[in-house]
Amino acid sequence: MGNEGVGGFLESILGVMVVITASSVFLVMLSAGSVHLIDDQIDRSELLDSLKMQELWPKDDQVLDMGYIQAKSADEMLLPEGVHGVLLTYRLMGANDTLLILGHQPPSDRDVVAQRSPALLMVAGHSLSGVVEVQTW
Amino acid sequence: MISRDKKGMAVLMDAMLFLVVLSVLSAFLLMPGNDVSSERTNETARTFHSVMLAGEIPYNDGSALSQTSLEMYLIMISQDASFPSSFTLEIIGGAVNDTLLEIKNMGMKAWWVLTVGGEDLIFGTPYGDGSLSLYTDLRTLSTEGTVVTCSLTIAD
């Protein structure tokens, strides 16, 4: 430090401050969800639009027909690019028991994105309030 | 040496100003997160309330009443000038409580208020200690001069 004087010392402090600040800003952004370290390439809106088109997800006031969904196979489902699999669960509002499960269980080594929505479910000719949940990976 | 010291101080001052500006910018950028969260809770109240009102009431005697939505049922009872009977309240409670339970299972508190004949009927437990934000979806149902209002409130 002797040869460089106080200026050199301040410059080295400055360097440390910049590193600390940059890492702090990065950590704040990470905690706020602005940056994703996990490979989260699933576009939720694209997935939900696809499910709505296939009448598997509620759209406006549409009633989901459990009979129609029950007849569908998981392999028939059209999934957007980047989505490897989907698990859809239908149940009545406030109930733990599921009415219908469509899809495959998510693999344990994958990151799963989940979404839930209230929906009117047509069950045995009755339009009942229910919930549909999707897990995707 | 003195010139280098002055330069170092100047650079340090510039850097500090830069960091202050950066911090303020970061704060502004992160503030919309709260708006997104409250928008999401508002949407939750709206969608759950819509589905609850459109769903059929739990009354399975095979009559036309067994295929009546909660919304239609509320309009029907509002046309009766008398206070809803305990049987009527039981039917309404059956249609409402599952939704309140579902919202509770999502980690939020919820209650529903039906105003009929100028009187408030409350389903669920209102939460009012002021520590949580309240989101209310208010509906006015009316037909042939009769008006009934109901609101679903979520505390989050």
# chains A, B, ... in the order shown; residues from 1 in each chain; ligands from 1

call {"tool": "interface_residues", "arguments": {"of": "chain A", "to": "chain B", "cutoff": "6 Å", "atoms": "only C-alpha atoms", "output": "VMD selection string"}}
result
chain A and resid 6 to 7 10 93 to 94 118 127 to 129

call {"tool": "write_last_selection", "arguments": {"atoms": "N, CA and C atoms", "output": "PDB file, in the first residue's frame"}}
result
ATOM      1  N   VAL A   6      -3.125   6.220  -0.491  1.00  0.00           N
ATOM      2  CA  VAL A   6      -4.506   6.039  -0.039  1.00  0.00           C
ATOM      3  C   VAL A   6      -5.429   5.718  -1.226  1.00  0.00           C
ATOM      4  N   GLY A   7      -5.116   6.287  -2.394  1.00  0.00           N
ATOM      5  CA  GLY A   7      -5.941   6.059  -3.594  1.00  0.00           C
ATOM      6  C   GLY A   7      -6.035   4.593  -3.945  1.00  0.00           C
ATOM      7  N   LEU A  10      -8.253   2.863  -1.476  1.00  0.00           N
ATOM      8  CA  LEU A  10      -9.663   3.132  -1.731  1.00  0.00           C
ATOM      9  C   LEU A  10     -10.170   2.343  -2.932  1.00  0.00           C
ATOM     10  N   MET A  93     -65.277 -29.242  -4.193  1.00  0.00           N
ATOM     11  CA  MET A  93     -64.783 -28.165  -3.334  1.00  0.00           C
ATOM     12  C   MET A  93     -64.723 -28.617  -1.872  1.00  0.00           C
ATOM     13  N   GLY A  94     -63.587 -28.411  -1.251  1.00  0.00           N
ATOM     14  CA  GLY A  94     -63.424 -28.716   0.164  1.00  0.00           C
ATOM     15  C   GLY A  94     -63.214 -30.187   0.480  1.00  0.00           C
ATOM     16  N   PRO A 118     -60.731 -23.024  -9.187  1.00  0.00           N
ATOM     17  CA  PRO A 118     -62.092 -23.519  -8.944  1.00  0.00           C
ATOM     18  C   PRO A 118     -62.765 -23.793 -10.276  1.00  0.00           C
ATOM     19  N   SER A 127     -74.337 -30.041 -11.707  1.00  0.00           N
ATOM     20  CA  SER A 127     -73.265 -29.071 -11.872  1.00  0.00           C
ATOM     21  C   SER A 127     -72.792 -28.640 -10.478  1.00  0.00           C
ATOM     22  N   LEU A 128     -71.643 -29.172 -10.069  1.00  0.00           N
ATOM     23  CA  LEU A 128     -71.187 -28.968  -8.695  1.00  0.00           C
ATOM     24  C   LEU A 128     -69.912 -28.136  -8.658  1.00  0.00           C
ATOM     25  N   SER A 129     -69.753 -27.385  -7.571  1.00  0.00           N
ATOM     26  CA  SER A 129     -68.529 -26.584  -7.451  1.00  0.00           C
ATOM     27  C   SER A 129     -67.381 -27.498  -7.045  1.00  0.00           C
TER      28      SER A 129
END

call {"tool": "select_by_dssp", "arguments": {"residues": "chain A", "states": "strand (DSSP E or B)", "output": "number ranges by chain"}}
result
A: 63-65, 86-92, 98-103, 113-123, 126-136

call {"tool": "write_last_selection", "arguments": {"atoms": "C-alpha atoms", "output": "tab-separated table (two decimals), in the first residue's frame"}}
result
chain	number	residue	atom	x	y	z
A	63	VAL	CA	-68.76	-26.55	-16.93
A	64	LEU	CA	-66.20	-29.36	-17.12
A	65	ASP	CA	-67.84	-32.66	-18.05
A	86	VAL	CA	-48.98	-33.42	-16.70
A	87	LEU	CA	-51.06	-34.70	-13.81
A	88	LEU	CA	-54.62	-33.33	-13.54
A	89	THR	CA	-56.68	-33.87	-10.42
A	90	TYR	CA	-60.40	-33.11	-10.15
A	91	ARG	CA	-62.25	-33.05	-6.83
A	92	LEU	CA	-65.27	-31.41	-5.22
A	98	THR	CA	-60.48	-36.98	-5.82
A	99	LEU	CA	-63.20	-37.51	-8.41
A	100	LEU	CA	-60.79	-38.12	-11.24
A	101	ILE	CA	-57.05	-38.23	-11.91
A	102	LEU	CA	-55.70	-37.86	-15.42
A	103	GLY	CA	-52.03	-38.21	-16.28
A	113	VAL	CA	-45.00	-26.53	-11.28
A	114	ALA	CA	-48.50	-26.64	-9.78
A	115	GLN	CA	-51.63	-24.57	-10.35
A	116	ARG	CA	-55.16	-24.73	-8.92
A	117	SER	CA	-58.47	-23.30	-10.08
A	118	PRO	CA	-62.09	-23.52	-8.94
A	119	ALA	CA	-64.34	-25.10	-11.55
A	120	LEU	CA	-67.89	-26.19	-12.13
A	121	LEU	CA	-67.84	-29.96	-12.55
A	122	MET	CA	-70.65	-31.88	-14.24
A	123	VAL	CA	-71.01	-35.04	-12.15
A	126	HIS	CA	-75.31	-32.22	-11.52
A	127	SER	CA	-73.27	-29.07	-11.87
A	128	LEU	CA	-71.19	-28.97	-8.69
A	129	SER	CA	-68.53	-26.58	-7.45
A	130	GLY	CA	-65.12	-28.21	-7.50
A	131	VAL	CA	-61.42	-27.69	-7.91
A	132	VAL	CA	-59.00	-28.74	-10.60
A	133	GLU	CA	-55.27	-28.94	-9.96
A	134	VAL	CA	-52.50	-29.41	-12.46
A	135	GLN	CA	-48.96	-30.53	-11.79
A	136	THR	CA	-46.57	-30.24	-14.67

call {"tool": "select_by_dssp", "arguments": {"residues": "chain B", "states": "alpha helix (DSSP H)", "output": "NGL selection string"}}
result
:B and (2-30 or 32-54 or 70-78 or 86-105)

call {"tool": "residues_around", "arguments": {"residues": "B:Glu119", "least_positions_apart": "5", "cutoff": "12 Å", "atoms": "only C-alpha atoms", "output": "ChimeraX atom specification"}}
result
/B:78,81-84,113-114,148-150

call {"tool": "residues_around", "arguments": {"residues": "B:Ser86", "least_positions_apart": "6", "cutoff": "12 Å", "atoms": "only C-alpha atoms", "output": "list in words"}}
result
Ile92, Gly93 and Leu121 of chain B

call {"tool": "write_last_selection", "arguments": {"atoms": "C-alpha atoms", "output": "short mmCIF file (atom, residue, chain, number, x, y, z; two decimals), in the first residue's frame"}}
result
data_model
loop_
_atom_site.label_atom_id
_atom_site.label_comp_id
_atom_site.auth_asym_id
_atom_site.auth_seq_id
_atom_site.Cartn_x
_atom_site.Cartn_y
_atom_site.Cartn_z
CA ILE B 92 -77.09 -22.30 2.06
CA GLY B 93 -74.45 -23.24 4.63
CA LEU B 121 -76.18 -13.44 7.65
#

call {"tool": "atom_distance", "arguments": {"atom1": "atom CA of B:Thr146", "atom2": "atom CA of B:Gly117"}}
result
9.7 Å

call {"tool": "atom_distance", "arguments": {"atom1": "atom CA of A:Pro106", "atom2": "atom CA of A:Asp75"}}
result
14.6 Å
